[in-house]
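Reproduced below: input_8.cif, with mmCIF, C-alpha atoms and all ligand atoms.
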```
data_final
#
loop_
_atom_site.label_atom_id
_atom_site.label_comp_id
_atom_site.auth_asym_id
_atom_site.auth_seq_id
_atom_site.Cartn_x
_atom_site.Cartn_y
_atom_site.Cartn_z
CA MET A 391 -41.38 61.49 -14.07
CA LYS A 392 -41.65 62.47 -17.67
CA TYR A 393 -41.47 58.96 -19.18
CA ASP A 394 -42.70 55.54 -18.21
CA TYR A 395 -39.68 53.92 -19.87
CA LEU A 396 -36.22 55.03 -20.80
CA VAL A 397 -34.70 52.60 -23.31
CA VAL A 398 -30.92 52.71 -23.43
CA GLY A 399 -29.76 51.47 -26.83
CA SER A 400 -31.70 51.45 -30.11
CA GLY A 401 -30.64 47.99 -31.31
CA LEU A 402 -33.18 45.22 -31.85
CA TYR A 403 -33.88 44.53 -28.18
CA GLY A 404 -34.44 48.20 -27.32
CA ALA A 405 -36.39 49.01 -30.47
CA VAL A 406 -38.75 46.04 -30.06
CA PHE A 407 -39.42 46.87 -26.42
CA ALA A 408 -39.96 50.55 -27.27
CA GLN A 409 -42.45 49.58 -29.99
CA GLU A 410 -44.38 47.33 -27.60
CA ALA A 411 -44.41 49.88 -24.78
CA LYS A 412 -45.59 52.63 -27.11
CA LYS A 413 -48.33 50.34 -28.40
CA ALA A 414 -49.42 49.75 -24.80
CA GLY A 415 -49.85 53.51 -24.37
CA LYS A 416 -46.64 54.14 -22.42
CA LYS A 417 -44.45 57.20 -22.73
CA VAL A 418 -41.10 56.07 -24.04
CA LEU A 419 -37.75 57.73 -24.63
CA VAL A 420 -34.99 55.88 -26.50
CA ILE A 421 -31.42 57.09 -26.25
CA ASP A 422 -28.32 55.83 -28.01
CA LYS A 423 -24.73 56.91 -27.69
CA ARG A 424 -24.04 56.46 -31.39
CA PRO A 425 -25.01 59.09 -33.99
CA GLN A 426 -27.48 56.63 -35.56
CA ILE A 427 -30.12 54.08 -34.58
CA ALA A 428 -30.19 50.29 -34.99
CA GLY A 429 -27.20 49.13 -32.91
CA ASN A 430 -25.12 46.54 -34.70
CA VAL A 431 -27.75 45.78 -37.34
CA TYR A 432 -27.23 49.30 -38.69
CA THR A 433 -26.94 49.42 -42.48
CA LYS A 434 -25.84 52.42 -44.52
CA GLU A 435 -26.20 53.01 -48.22
CA ILE A 436 -22.92 53.33 -50.13
CA GLU A 437 -22.95 53.37 -53.96
CA GLY A 438 -26.59 52.29 -53.83
CA ILE A 439 -25.67 49.22 -51.74
CA ASN A 440 -26.90 48.63 -48.18
CA VAL A 441 -23.67 48.04 -46.29
CA HIS A 442 -23.83 46.10 -43.02
CA ILE A 443 -21.55 48.47 -41.16
CA TYR A 444 -21.21 46.36 -37.99
CA GLY A 445 -20.96 42.99 -39.69
CA ALA A 446 -23.19 40.79 -41.78
CA HIS A 447 -26.67 40.09 -40.45
CA ILE A 448 -28.82 37.46 -42.12
CA PHE A 449 -32.22 37.13 -40.57
CA HIS A 450 -33.26 33.53 -40.00
CA THR A 451 -35.69 31.92 -37.62
CA ASN A 452 -37.89 28.94 -36.87
CA ASN A 453 -40.08 31.09 -34.69
CA LYS A 454 -43.23 31.89 -36.63
CA LYS A 455 -44.34 34.55 -34.19
CA VAL A 456 -41.03 36.39 -34.58
CA TRP A 457 -41.11 36.02 -38.37
CA GLU A 458 -44.60 37.48 -38.57
CA TYR A 459 -43.57 40.23 -36.20
CA VAL A 460 -40.56 41.40 -38.23
CA ASN A 461 -42.58 41.22 -41.42
CA ARG A 462 -44.82 43.93 -40.02
CA PHE A 463 -41.86 46.30 -40.05
CA ALA A 464 -39.99 45.25 -43.18
CA GLU A 465 -40.43 43.32 -46.36
CA PHE A 466 -37.94 40.45 -46.57
CA ASN A 467 -36.27 39.13 -49.71
CA ARG A 468 -35.47 35.47 -50.38
CA PHE A 469 -31.78 35.54 -49.55
CA THR A 470 -30.31 32.20 -48.46
CA ASN A 471 -26.94 32.34 -46.78
CA SER A 472 -24.40 30.00 -48.43
CA PRO A 473 -20.90 31.09 -47.46
CA VAL A 474 -17.88 29.69 -49.25
CA ALA A 475 -14.79 28.64 -47.31
CA ASN A 476 -11.42 29.55 -48.78
CA TYR A 477 -8.55 27.47 -47.37
CA HIS A 478 -5.33 28.64 -48.99
CA GLY A 479 -7.19 29.09 -52.27
CA GLU A 480 -9.08 25.77 -52.07
CA LEU A 481 -12.81 26.46 -52.04
CA TYR A 482 -15.35 24.45 -50.03
CA SER A 483 -19.09 24.71 -49.52
CA LEU A 484 -20.52 25.66 -46.16
CA PRO A 485 -22.14 24.57 -43.96
CA PHE A 486 -20.70 21.05 -43.85
CA ASN A 487 -22.70 19.04 -46.35
CA MET A 488 -22.34 16.58 -49.23
CA TYR A 489 -20.72 19.20 -51.48
CA THR A 490 -18.08 19.80 -48.77
CA PHE A 491 -17.49 16.08 -48.21
CA ASN A 492 -17.25 15.38 -51.93
CA LYS A 493 -14.63 18.09 -52.42
CA MET A 494 -12.68 17.06 -49.32
CA TRP A 495 -12.65 13.29 -49.82
CA GLY A 496 -14.11 12.53 -53.24
CA VAL A 497 -16.97 10.65 -51.57
CA VAL A 498 -20.18 10.48 -53.56
CA THR A 499 -22.83 8.95 -51.33
CA PRO A 500 -24.04 9.93 -47.85
CA GLU A 501 -22.97 6.49 -46.60
CA GLU A 502 -19.41 7.04 -47.78
CA ALA A 503 -19.33 10.46 -46.16
CA GLU A 504 -20.68 9.13 -42.90
CA ALA A 505 -18.14 6.31 -42.88
CA LYS A 506 -15.30 8.77 -43.44
CA ILE A 507 -16.42 10.99 -40.55
CA GLU A 508 -16.88 7.95 -38.31
CA GLU A 509 -13.41 6.62 -39.17
CA GLN A 510 -11.75 9.97 -38.35
CA LYS A 511 -13.74 10.43 -35.18
CA LYS A 512 -12.77 6.93 -34.04
CA ALA A 513 -9.09 7.51 -34.82
CA ALA A 514 -9.20 10.66 -32.66
CA GLY A 515 -10.65 8.59 -29.80
CA ILE A 516 -13.41 11.03 -28.87
CA LYS A 517 -16.40 9.71 -26.95
CA GLU A 518 -17.91 12.64 -25.10
CA PRO A 519 -16.75 15.95 -26.59
CA LYS A 520 -15.67 18.36 -23.88
CA ASN A 521 -14.67 21.38 -25.91
CA LEU A 522 -15.00 22.91 -29.38
CA GLU A 523 -12.13 20.90 -30.86
CA GLU A 524 -13.54 17.54 -29.73
CA GLN A 525 -17.05 18.57 -30.68
CA ALA A 526 -15.92 19.59 -34.18
CA ILE A 527 -13.96 16.39 -34.80
CA SER A 528 -16.82 14.25 -33.60
CA LEU A 529 -19.21 16.06 -35.96
CA VAL A 530 -17.12 16.23 -39.14
CA GLY A 531 -13.79 14.46 -38.62
CA THR A 532 -10.20 15.73 -38.47
CA ASP A 533 -9.72 16.83 -42.10
CA ILE A 534 -12.58 19.28 -42.03
CA TYR A 535 -11.64 20.38 -38.53
CA GLU A 536 -8.07 21.14 -39.65
CA LYS A 537 -8.98 22.92 -42.90
CA LEU A 538 -12.30 24.62 -42.26
CA ILE A 539 -12.66 25.06 -38.50
CA LYS A 540 -9.41 25.27 -36.56
CA GLY A 541 -7.83 28.31 -38.20
CA TYR A 542 -11.05 30.26 -38.54
CA THR A 543 -12.10 29.61 -34.96
CA GLU A 544 -8.72 30.49 -33.50
CA LYS A 545 -8.69 33.78 -35.44
CA GLN A 546 -12.30 34.51 -34.54
CA TRP A 547 -11.99 33.78 -30.82
CA GLY A 548 -8.27 34.32 -30.18
CA ARG A 549 -8.17 31.12 -28.15
CA PRO A 550 -7.20 27.53 -28.93
CA CYS A 551 -10.15 25.34 -29.92
CA ASP A 552 -9.68 23.03 -26.94
CA GLN A 553 -10.34 25.97 -24.65
CA LEU A 554 -13.60 27.05 -26.26
CA PRO A 555 -17.12 25.85 -25.42
CA ALA A 556 -18.54 23.15 -27.70
CA PHE A 557 -21.84 24.98 -28.27
CA ILE A 558 -20.19 27.53 -30.59
CA ILE A 559 -19.61 24.94 -33.32
CA LYS A 560 -23.06 23.46 -32.85
CA ARG A 561 -24.41 26.66 -34.40
CA LEU A 562 -23.46 25.20 -37.78
CA PRO A 563 -25.48 22.40 -39.38
CA VAL A 564 -23.87 19.17 -40.57
CA ARG A 565 -25.86 17.51 -43.34
CA LEU A 566 -25.62 14.39 -45.44
CA THR A 567 -27.56 16.13 -48.20
CA PHE A 568 -26.54 18.49 -51.00
CA ASP A 569 -27.76 21.65 -49.31
CA ASN A 570 -25.61 24.77 -48.94
CA ASN A 571 -28.12 26.67 -46.82
CA TYR A 572 -26.09 27.81 -43.80
CA PHE A 573 -29.10 27.82 -41.49
CA ASN A 574 -31.63 25.25 -40.42
CA ALA A 575 -34.43 27.76 -40.40
CA LEU A 576 -37.90 27.76 -41.84
CA TYR A 577 -37.76 31.48 -42.55
CA GLN A 578 -34.83 33.48 -43.87
CA GLY A 579 -34.18 36.76 -45.66
CA ILE A 580 -32.81 40.29 -45.60
CA PRO A 581 -35.07 43.29 -45.06
CA ILE A 582 -35.38 45.02 -48.42
CA GLY A 583 -33.88 48.48 -48.13
CA GLY A 584 -31.74 47.55 -45.12
CA TYR A 585 -32.08 46.91 -41.40
CA THR A 586 -31.94 50.59 -40.48
CA LYS A 587 -35.27 51.12 -42.19
CA MET A 588 -36.77 48.22 -40.27
CA VAL A 589 -35.57 49.63 -36.95
CA ALA A 590 -36.79 53.11 -37.94
CA ASN A 591 -40.21 51.55 -38.51
CA LEU A 592 -40.09 49.92 -35.07
CA LEU A 593 -39.28 53.32 -33.59
CA GLU A 594 -41.85 55.26 -35.56
CA ARG A 595 -43.44 58.07 -33.51
CA ILE A 596 -41.18 57.26 -30.56
CA GLU A 597 -38.87 59.94 -29.22
CA VAL A 598 -35.25 59.02 -29.96
CA ARG A 599 -32.20 61.01 -28.89
CA LEU A 600 -28.84 60.17 -30.41
CA GLU A 601 -25.31 60.70 -29.11
CA GLU A 602 -26.50 60.48 -25.53
CA ASP A 603 -24.33 58.44 -23.20
CA TYR A 604 -26.43 57.00 -20.38
CA LEU A 605 -23.54 55.84 -18.20
CA LYS A 606 -21.95 59.28 -18.27
CA ASP A 607 -25.01 60.89 -16.68
CA LYS A 608 -26.87 57.99 -15.15
CA GLU A 609 -28.53 59.83 -12.26
CA ASN A 610 -30.14 62.42 -14.48
CA TYR A 611 -31.32 59.86 -16.99
CA ASP A 612 -32.72 57.63 -14.24
CA ALA A 613 -34.69 60.58 -12.89
CA MET A 614 -36.49 60.93 -16.23
CA ALA A 615 -38.37 57.63 -16.22
CA ASP A 616 -40.08 55.13 -13.94
CA LYS A 617 -38.10 52.30 -15.42
CA VAL A 618 -35.02 51.83 -17.55
CA ILE A 619 -34.38 49.15 -20.18
CA TYR A 620 -30.61 48.91 -20.38
CA THR A 621 -29.12 47.10 -23.40
CA GLY A 622 -25.46 48.05 -22.97
CA PRO A 623 -22.77 45.77 -21.50
CA ILE A 624 -23.76 44.60 -18.02
CA ASP A 625 -20.22 44.93 -16.66
CA ALA A 626 -19.96 48.53 -17.92
CA TYR A 627 -23.21 49.36 -16.09
CA PHE A 628 -21.56 48.38 -12.80
CA GLY A 629 -18.36 50.27 -13.64
CA TYR A 630 -16.54 46.92 -14.13
CA SER A 631 -16.52 46.67 -10.32
CA LEU A 632 -16.16 42.86 -10.36
CA GLY A 633 -13.75 42.86 -13.31
CA THR A 634 -14.28 42.94 -17.07
CA LEU A 635 -16.18 40.27 -18.93
CA GLU A 636 -14.32 39.18 -22.07
CA TYR A 637 -15.65 40.10 -25.49
CA ARG A 638 -14.35 39.77 -29.01
CA SER A 639 -14.30 42.93 -31.04
CA VAL A 640 -14.27 43.20 -34.82
CA ARG A 641 -12.56 45.71 -37.07
CA PHE A 642 -13.87 46.18 -40.61
CA GLU A 643 -11.85 47.40 -43.56
CA THR A 644 -14.46 48.51 -46.05
CA GLU A 645 -13.59 49.33 -49.64
CA VAL A 646 -15.53 50.47 -52.69
CA LEU A 647 -14.26 48.66 -55.79
CA ASP A 648 -14.78 49.89 -59.31
CA LYS A 649 -16.07 46.55 -60.59
CA PRO A 650 -19.44 44.86 -60.38
CA ASN A 651 -18.33 41.56 -58.84
CA PHE A 652 -15.45 40.85 -56.47
CA GLN A 653 -16.04 37.38 -55.08
CA GLY A 654 -19.37 36.21 -56.47
CA ASN A 655 -20.89 35.60 -53.06
CA ALA A 656 -22.00 37.58 -50.00
CA ALA A 657 -19.62 35.80 -47.63
CA VAL A 658 -16.28 34.09 -48.13
CA ASN A 659 -14.67 32.70 -44.96
CA TYR A 660 -10.87 32.49 -44.93
CA THR A 661 -10.41 29.40 -42.84
CA ASP A 662 -6.61 29.13 -42.84
CA ARG A 663 -4.62 30.57 -39.94
CA GLU A 664 -2.32 32.65 -42.17
CA THR A 665 -4.82 35.01 -43.82
CA PRO A 666 -5.25 37.75 -41.21
CA TRP A 667 -8.95 38.41 -41.79
CA THR A 668 -11.69 35.92 -40.92
CA ARG A 669 -14.04 36.70 -43.78
CA ILE A 670 -14.87 39.09 -46.60
CA ILE A 671 -18.42 40.29 -47.04
CA GLU A 672 -19.55 41.59 -50.44
CA HIS A 673 -22.66 43.46 -49.40
CA LYS A 674 -24.50 43.77 -52.70
CA TRP A 675 -25.19 40.03 -52.84
CA PHE A 676 -27.47 40.24 -49.80
CA GLU A 677 -29.91 42.05 -52.07
CA PHE A 678 -28.94 40.62 -55.50
CA GLY A 679 -27.42 43.99 -56.41
CA THR A 680 -26.93 45.09 -59.99
CA GLN A 681 -24.86 48.22 -59.25
CA PRO A 682 -21.76 48.89 -61.40
CA LYS A 683 -19.55 49.05 -58.29
CA THR A 684 -19.20 46.80 -55.28
CA VAL A 685 -18.48 47.29 -51.59
CA ILE A 686 -16.50 44.73 -49.62
CA SER A 687 -15.57 44.48 -45.94
CA ARG A 688 -12.67 42.48 -44.59
CA GLU A 689 -13.30 41.39 -40.99
CA TYR A 690 -10.52 41.25 -38.42
CA SER A 691 -11.25 39.83 -35.02
CA SER A 692 -9.52 41.08 -31.87
CA GLU A 693 -9.75 40.82 -28.10
CA TRP A 694 -11.96 43.57 -26.73
CA LYS A 695 -10.34 46.18 -24.54
CA PRO A 696 -12.02 49.19 -22.87
CA GLY A 697 -12.94 51.74 -25.52
CA ASP A 698 -13.54 49.11 -28.25
CA GLU A 699 -16.97 48.01 -29.47
CA PRO A 700 -17.96 44.68 -27.92
CA TYR A 701 -19.43 42.21 -30.46
CA TYR A 702 -19.22 38.65 -29.21
CA PRO A 703 -19.42 37.60 -25.56
CA VAL A 704 -16.90 34.86 -24.80
CA ASN A 705 -19.35 32.46 -23.21
CA ASP A 706 -16.87 30.12 -21.53
CA GLU A 707 -16.95 28.92 -17.90
CA LYS A 708 -14.84 31.68 -16.45
CA ASN A 709 -16.89 34.46 -18.01
CA GLY A 710 -20.12 32.60 -17.27
CA ALA A 711 -19.24 32.60 -13.57
CA LEU A 712 -18.40 36.31 -13.59
CA TYR A 713 -21.60 37.08 -15.46
CA GLN A 714 -23.58 35.28 -12.74
CA GLU A 715 -22.02 37.62 -10.17
CA TYR A 716 -23.03 40.65 -12.22
CA LYS A 717 -26.47 39.14 -12.69
CA LYS A 718 -26.92 39.03 -8.90
CA LEU A 719 -26.17 42.76 -8.76
CA ALA A 720 -28.51 43.37 -11.69
CA ASP A 721 -31.37 41.54 -9.97
CA LYS A 722 -31.12 43.98 -7.08
CA GLU A 723 -31.61 47.00 -9.36
CA SER A 724 -35.39 47.11 -9.16
CA LYS A 725 -35.76 49.95 -11.63
CA ILE A 726 -33.50 48.59 -14.36
CA ILE A 727 -34.14 45.74 -16.79
CA PHE A 728 -31.07 44.32 -18.53
CA GLY A 729 -31.57 42.85 -22.00
CA GLY A 730 -29.97 41.90 -25.29
CA ARG A 731 -26.61 40.46 -26.34
CA LEU A 732 -24.64 42.86 -24.14
CA GLY A 733 -27.12 43.30 -21.29
CA GLU A 734 -27.39 39.52 -20.84
CA TYR A 735 -23.87 38.64 -22.05
CA LYS A 736 -25.27 36.07 -24.43
CA TYR A 737 -24.39 35.03 -28.02
CA TYR A 738 -27.93 35.77 -29.17
CA ASP A 739 -29.07 35.64 -32.80
CA MET A 740 -31.41 38.40 -33.99
CA ASP A 741 -34.54 36.29 -33.79
CA ALA A 742 -33.75 35.19 -30.24
CA VAL A 743 -33.16 38.79 -29.18
CA ILE A 744 -36.53 39.77 -30.61
CA ALA A 745 -38.26 36.82 -28.93
CA SER A 746 -36.66 37.74 -25.64
CA ALA A 747 -37.66 41.42 -25.94
CA LEU A 748 -41.23 40.40 -26.78
CA ASP A 749 -41.38 38.05 -23.77
CA MET A 750 -40.05 40.69 -21.46
CA ALA A 751 -42.46 43.28 -22.86
CA GLU A 752 -45.39 40.94 -22.36
CA LYS A 753 -44.52 40.43 -18.69
CA GLU A 754 -43.60 44.03 -18.06
CA LEU A 755 -46.56 45.66 -19.77
CA ARG A 756 -49.19 43.16 -18.73
N1 LIG B 1 -16.82 28.40 -37.94
C1 LIG B 1 -15.74 27.77 -38.51
N2 LIG B 1 -15.49 27.91 -39.83
C2 LIG B 1 -16.30 28.63 -40.64
C3 LIG B 1 -17.43 29.27 -40.08
C4 LIG B 1 -17.65 29.14 -38.71
O1 LIG B 1 -14.98 27.12 -37.80
O2 LIG B 1 -16.02 28.73 -41.83
C5 LIG B 1 -17.04 28.25 -36.48
C6 LIG B 1 -16.34 29.37 -35.71
O3 LIG B 1 -15.90 28.85 -34.47
C7 LIG B 1 -17.46 30.35 -35.48
C8 LIG B 1 -18.63 29.41 -35.25
O4 LIG B 1 -18.40 28.34 -36.16
O5 LIG B 1 -17.23 31.20 -34.39
C9 LIG B 1 -19.98 30.01 -35.46
O6 LIG B 1 -20.06 30.53 -36.76
P1 LIG B 1 -21.17 31.59 -37.19
O7 LIG B 1 -21.10 31.72 -38.65
O8 LIG B 1 -22.45 31.18 -36.58
O9 LIG B 1 -20.61 32.91 -36.50
P2 LIG B 1 -21.09 34.44 -36.61
O10 LIG B 1 -21.70 34.62 -37.97
O11 LIG B 1 -22.02 34.67 -35.46
O12 LIG B 1 -19.80 35.19 -36.47
#
```

Would you mind writing the file's structure down as structure tokens?
Ligand code: UDP
Amino acid sequence: MKYDYLVVGSGLYGAVFAQEAKKAGKKVLVIDKRPQIAGNVYTKEIEGINVHIYGAHIFHTNNKKVWEYVNRFAEFNRFTNSPVANYHGELYSLPFNMYTFNKMWGVVTPEEAEAKIEEQKKAAGIKEPKNLEEQAISLVGTDIYEKLIKGYTEKQWGRPCDQLPAFIIKRLPVRLTFDNNYFNALYQGIPIGGYTKMVANLLERIEVRLEEDYLKDKENYDAMADKVIYTGPIDAYFGYSLGTLEYRSVRFETEVLDKPNFQGNAAVNYTDRETPWTRIIEHKWFEFGTQPKTVISREYSSEWKPGDEPYYPVNDEKNGALYQEYKKLADKESKIIFGGRLGEYKYYDMDAVIASALDMAEKELR
């Protein structure tokens, strides 16, 4: 065997494991089927702006160990995510906070806002929320659900809100304070110079081969290393033998505009059902850009089909049950470790992926 570890996929999970294995004196090879490293955190410079090619990534965490870890590989700026919601041209602050409630209802105090939410929740008759719709109404009431959640969520997930798991909406904070910070996180920022540079630093002095498709030549790749860290989709690994897990895919329409400022904010969410895109990202604002031009990406969500890029696992009951069947098969593959958003079919944030790769590395390399 030429390598101790073959890492399939150079996204955050793979790059962090590779870094740890290399540090422990192991021989590591990283392969990726794309022509570049960094998985979906890949950023590319266009007009002097770091463009988040596979969708916006804002690093945020409460995990001090993870924060200190990433800071060894990148310097972070002080970006705070504060998306704006656009509902048919009406603008609201996100996440749901006193600015949102004031604009929606004219309420001024936290007590008034709370009473309004309580009144709407009561009218809807929800006691124990069983799905995303009920969860949303019980958190913020029907008006906000109708204007800022329902349309966006149905576009994003392609399913009615009463058929989606409640946990998805619990990602967003609800606050009775004037605070537009989208995340409840102690630490937040964007790596200065882009994520690709951070991943390149993680992979420094590690052999990386691009445009290599593991699943197309699995036997040969497996013969190269004692163990394989596989970060691709778990169902693809098993040739979809038990059926396909559902994913949402995203299509980006990216444009360079000959003006310095298009929307005045990094993210604007289009929360009505009629606008076909879910959000527009204006990349320069992640790094307080002063370039004369701007680059924007409209995001369109679609159901994944074979050949598309998978982005979001649809973590509902049906897919959860199928994943458990794949997991049983995975546990029998003694040489392969499955990890990351696709390998574990889990709606992981970046910090959680890093924490999970570090945990695994600690056990594996001990
Ligand atoms: N969401 C919403 N309206 C918004 C933003 C988010 O209803 O303006 C809901 C939607 O269901 C979405 C979920 O909250 O899928 C989680 O949003 P988040 O911003 O965490 O999604 P991501 O950035 O991972 O796509």

Check your understanding: So how many Å separate CA of Met494 (chain A) and CA of Gly541 (chain A), to one decimal?
Key -> 16.5 Å

Practice item. Have a look at A:Val397, A:Val640, A:Ala626, A:Ala513 and name the one nearest to ligand LIG 1 (chain B); count all atoms listed in the file. Key: A:Val640

Practice item. Would you list the contacts of Thr499 (chain A) as a ChimeraX atom specification, taking every protein, DNA or RNA residue within 12 Å and counting all atoms listed in the file, but skipping same-chain residues closer than 6 positions in sequence? Key: /A:487-489,491-492,505-506,566-568

Exercise for review: Select, counting all atoms listed in the file, all protein, DNA and RNA residues no farther than 9 Å from (-19.2, 26.5, -27.4) in file coordinates, and express the selection as an NGL selection string.
Suggested key: :A and (521-522 or 525 or 554-561 or 705-706)

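Among A:Gly515, A:Pro666, A:Pro650, A:Pro563, the residue with the shortest atom-to-atom distance to ligand LIG 1 (chain B), counting all atoms listed in the file, is A:Pro563.
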
Practice item. Grab me every residue within 10 Å of ligand LIG 1 (chain B), counting all atoms listed in the file, and send it over as an MDAnalysis selection string. Key: chainID A and resid 445:448 473:477 482:486 522:523 526 534:547 551 554:563 572:573 640 657:662 668:669 691 701:702 737:739

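Closest to Lys674 (chain A) among A:Asn655, A:Ser724, A:Asn571, A:Asn471 is A:Asn655, based on only C-alpha atoms.
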
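Shortest separation to Leu396 (chain A) among A:Gln426, A:Asp749, A:Asn651, A:Asn610 occurs at residue A:Asn610, atoms counted being only C-alpha atoms.
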
Revision key, fill the gap. Counting all atoms listed in the file, closest pick from A:Lys434, A:Arg688, A:Arg595, A:Lys617 relative to Lys413 (chain A) is A:Arg595

Just add N, CA, C and O atoms to region 661-676 of chain A and send it as an mmCIF file, keeping the file's coordinate frame.
```
data_model
loop_
_atom_site.group_PDB
_atom_site.id
_atom_site.type_symbol
_atom_site.label_atom_id
_atom_site.label_comp_id
_atom_site.auth_asym_id
_atom_site.auth_seq_id
_atom_site.Cartn_x
_atom_site.Cartn_y
_atom_site.Cartn_z
ATOM 1 N N THR A 661 -10.481 30.321 -43.969
ATOM 2 C CA THR A 661 -10.410 29.400 -42.840
ATOM 3 C C THR A 661 -8.983 28.975 -42.477
ATOM 4 O O THR A 661 -8.799 28.234 -41.519
ATOM 5 N N ASP A 662 -7.982 29.453 -43.240
ATOM 6 C CA ASP A 662 -6.610 29.130 -42.840
ATOM 7 C C ASP A 662 -6.151 30.117 -41.763
ATOM 8 O O ASP A 662 -6.726 31.184 -41.601
ATOM 9 N N ARG A 663 -5.122 29.744 -41.047
ATOM 10 C CA ARG A 663 -4.620 30.570 -39.940
ATOM 11 C C ARG A 663 -3.835 31.776 -40.472
ATOM 12 O O ARG A 663 -3.722 32.802 -39.798
ATOM 13 N N GLU A 664 -3.265 31.643 -41.682
ATOM 14 C CA GLU A 664 -2.320 32.650 -42.170
ATOM 15 C C GLU A 664 -2.994 33.928 -42.664
ATOM 16 O O GLU A 664 -2.507 35.020 -42.420
ATOM 17 N N THR A 665 -4.116 33.810 -43.368
ATOM 18 C CA THR A 665 -4.820 35.010 -43.820
ATOM 19 C C THR A 665 -5.290 35.775 -42.579
ATOM 20 O O THR A 665 -5.924 35.189 -41.708
ATOM 21 N N PRO A 666 -4.970 37.072 -42.483
ATOM 22 C CA PRO A 666 -5.250 37.750 -41.210
ATOM 23 C C PRO A 666 -6.731 38.044 -40.957
ATOM 24 O O PRO A 666 -7.137 38.196 -39.814
ATOM 25 N N TRP A 667 -7.530 38.148 -42.015
ATOM 26 C CA TRP A 667 -8.950 38.410 -41.790
ATOM 27 C C TRP A 667 -9.704 37.089 -41.674
ATOM 28 O O TRP A 667 -9.236 36.044 -42.147
ATOM 29 N N THR A 668 -10.876 37.146 -41.038
ATOM 30 C CA THR A 668 -11.690 35.920 -40.920
ATOM 31 C C THR A 668 -12.569 35.747 -42.146
ATOM 32 O O THR A 668 -12.740 34.645 -42.644
ATOM 33 N N ARG A 669 -13.182 36.855 -42.605
ATOM 34 C CA ARG A 669 -14.040 36.700 -43.780
ATOM 35 C C ARG A 669 -14.130 38.000 -44.548
ATOM 36 O O ARG A 669 -13.786 39.058 -44.027
ATOM 37 N N ILE A 670 -14.596 37.897 -45.797
ATOM 38 C CA ILE A 670 -14.870 39.090 -46.600
ATOM 39 C C ILE A 670 -16.342 39.052 -46.982
ATOM 40 O O ILE A 670 -16.843 38.042 -47.485
ATOM 41 N N ILE A 671 -16.998 40.156 -46.700
ATOM 42 C CA ILE A 671 -18.420 40.290 -47.040
ATOM 43 C C ILE A 671 -18.515 41.177 -48.280
ATOM 44 O O ILE A 671 -17.899 42.245 -48.328
ATOM 45 N N GLU A 672 -19.260 40.741 -49.277
ATOM 46 C CA GLU A 672 -19.550 41.590 -50.440
ATOM 47 C C GLU A 672 -21.044 41.902 -50.368
ATOM 48 O O GLU A 672 -21.907 41.078 -50.685
ATOM 49 N N HIS A 673 -21.314 43.127 -49.887
ATOM 50 C CA HIS A 673 -22.660 43.460 -49.400
ATOM 51 C C HIS A 673 -23.756 43.393 -50.441
ATOM 52 O O HIS A 673 -24.896 43.102 -50.124
ATOM 53 N N LYS A 674 -23.433 43.695 -51.706
ATOM 54 C CA LYS A 674 -24.500 43.770 -52.700
ATOM 55 C C LYS A 674 -25.250 42.459 -52.859
ATOM 56 O O LYS A 674 -26.437 42.437 -53.179
ATOM 57 N N TRP A 675 -24.556 41.331 -52.587
ATOM 58 C CA TRP A 675 -25.190 40.030 -52.840
ATOM 59 C C TRP A 675 -26.272 39.680 -51.826
ATOM 60 O O TRP A 675 -27.037 38.739 -52.033
ATOM 61 N N PHE A 676 -26.350 40.452 -50.724
ATOM 62 C CA PHE A 676 -27.470 40.240 -49.800
ATOM 63 C C PHE A 676 -28.797 40.653 -50.435
ATOM 64 O O PHE A 676 -29.853 40.237 -50.002
#
```
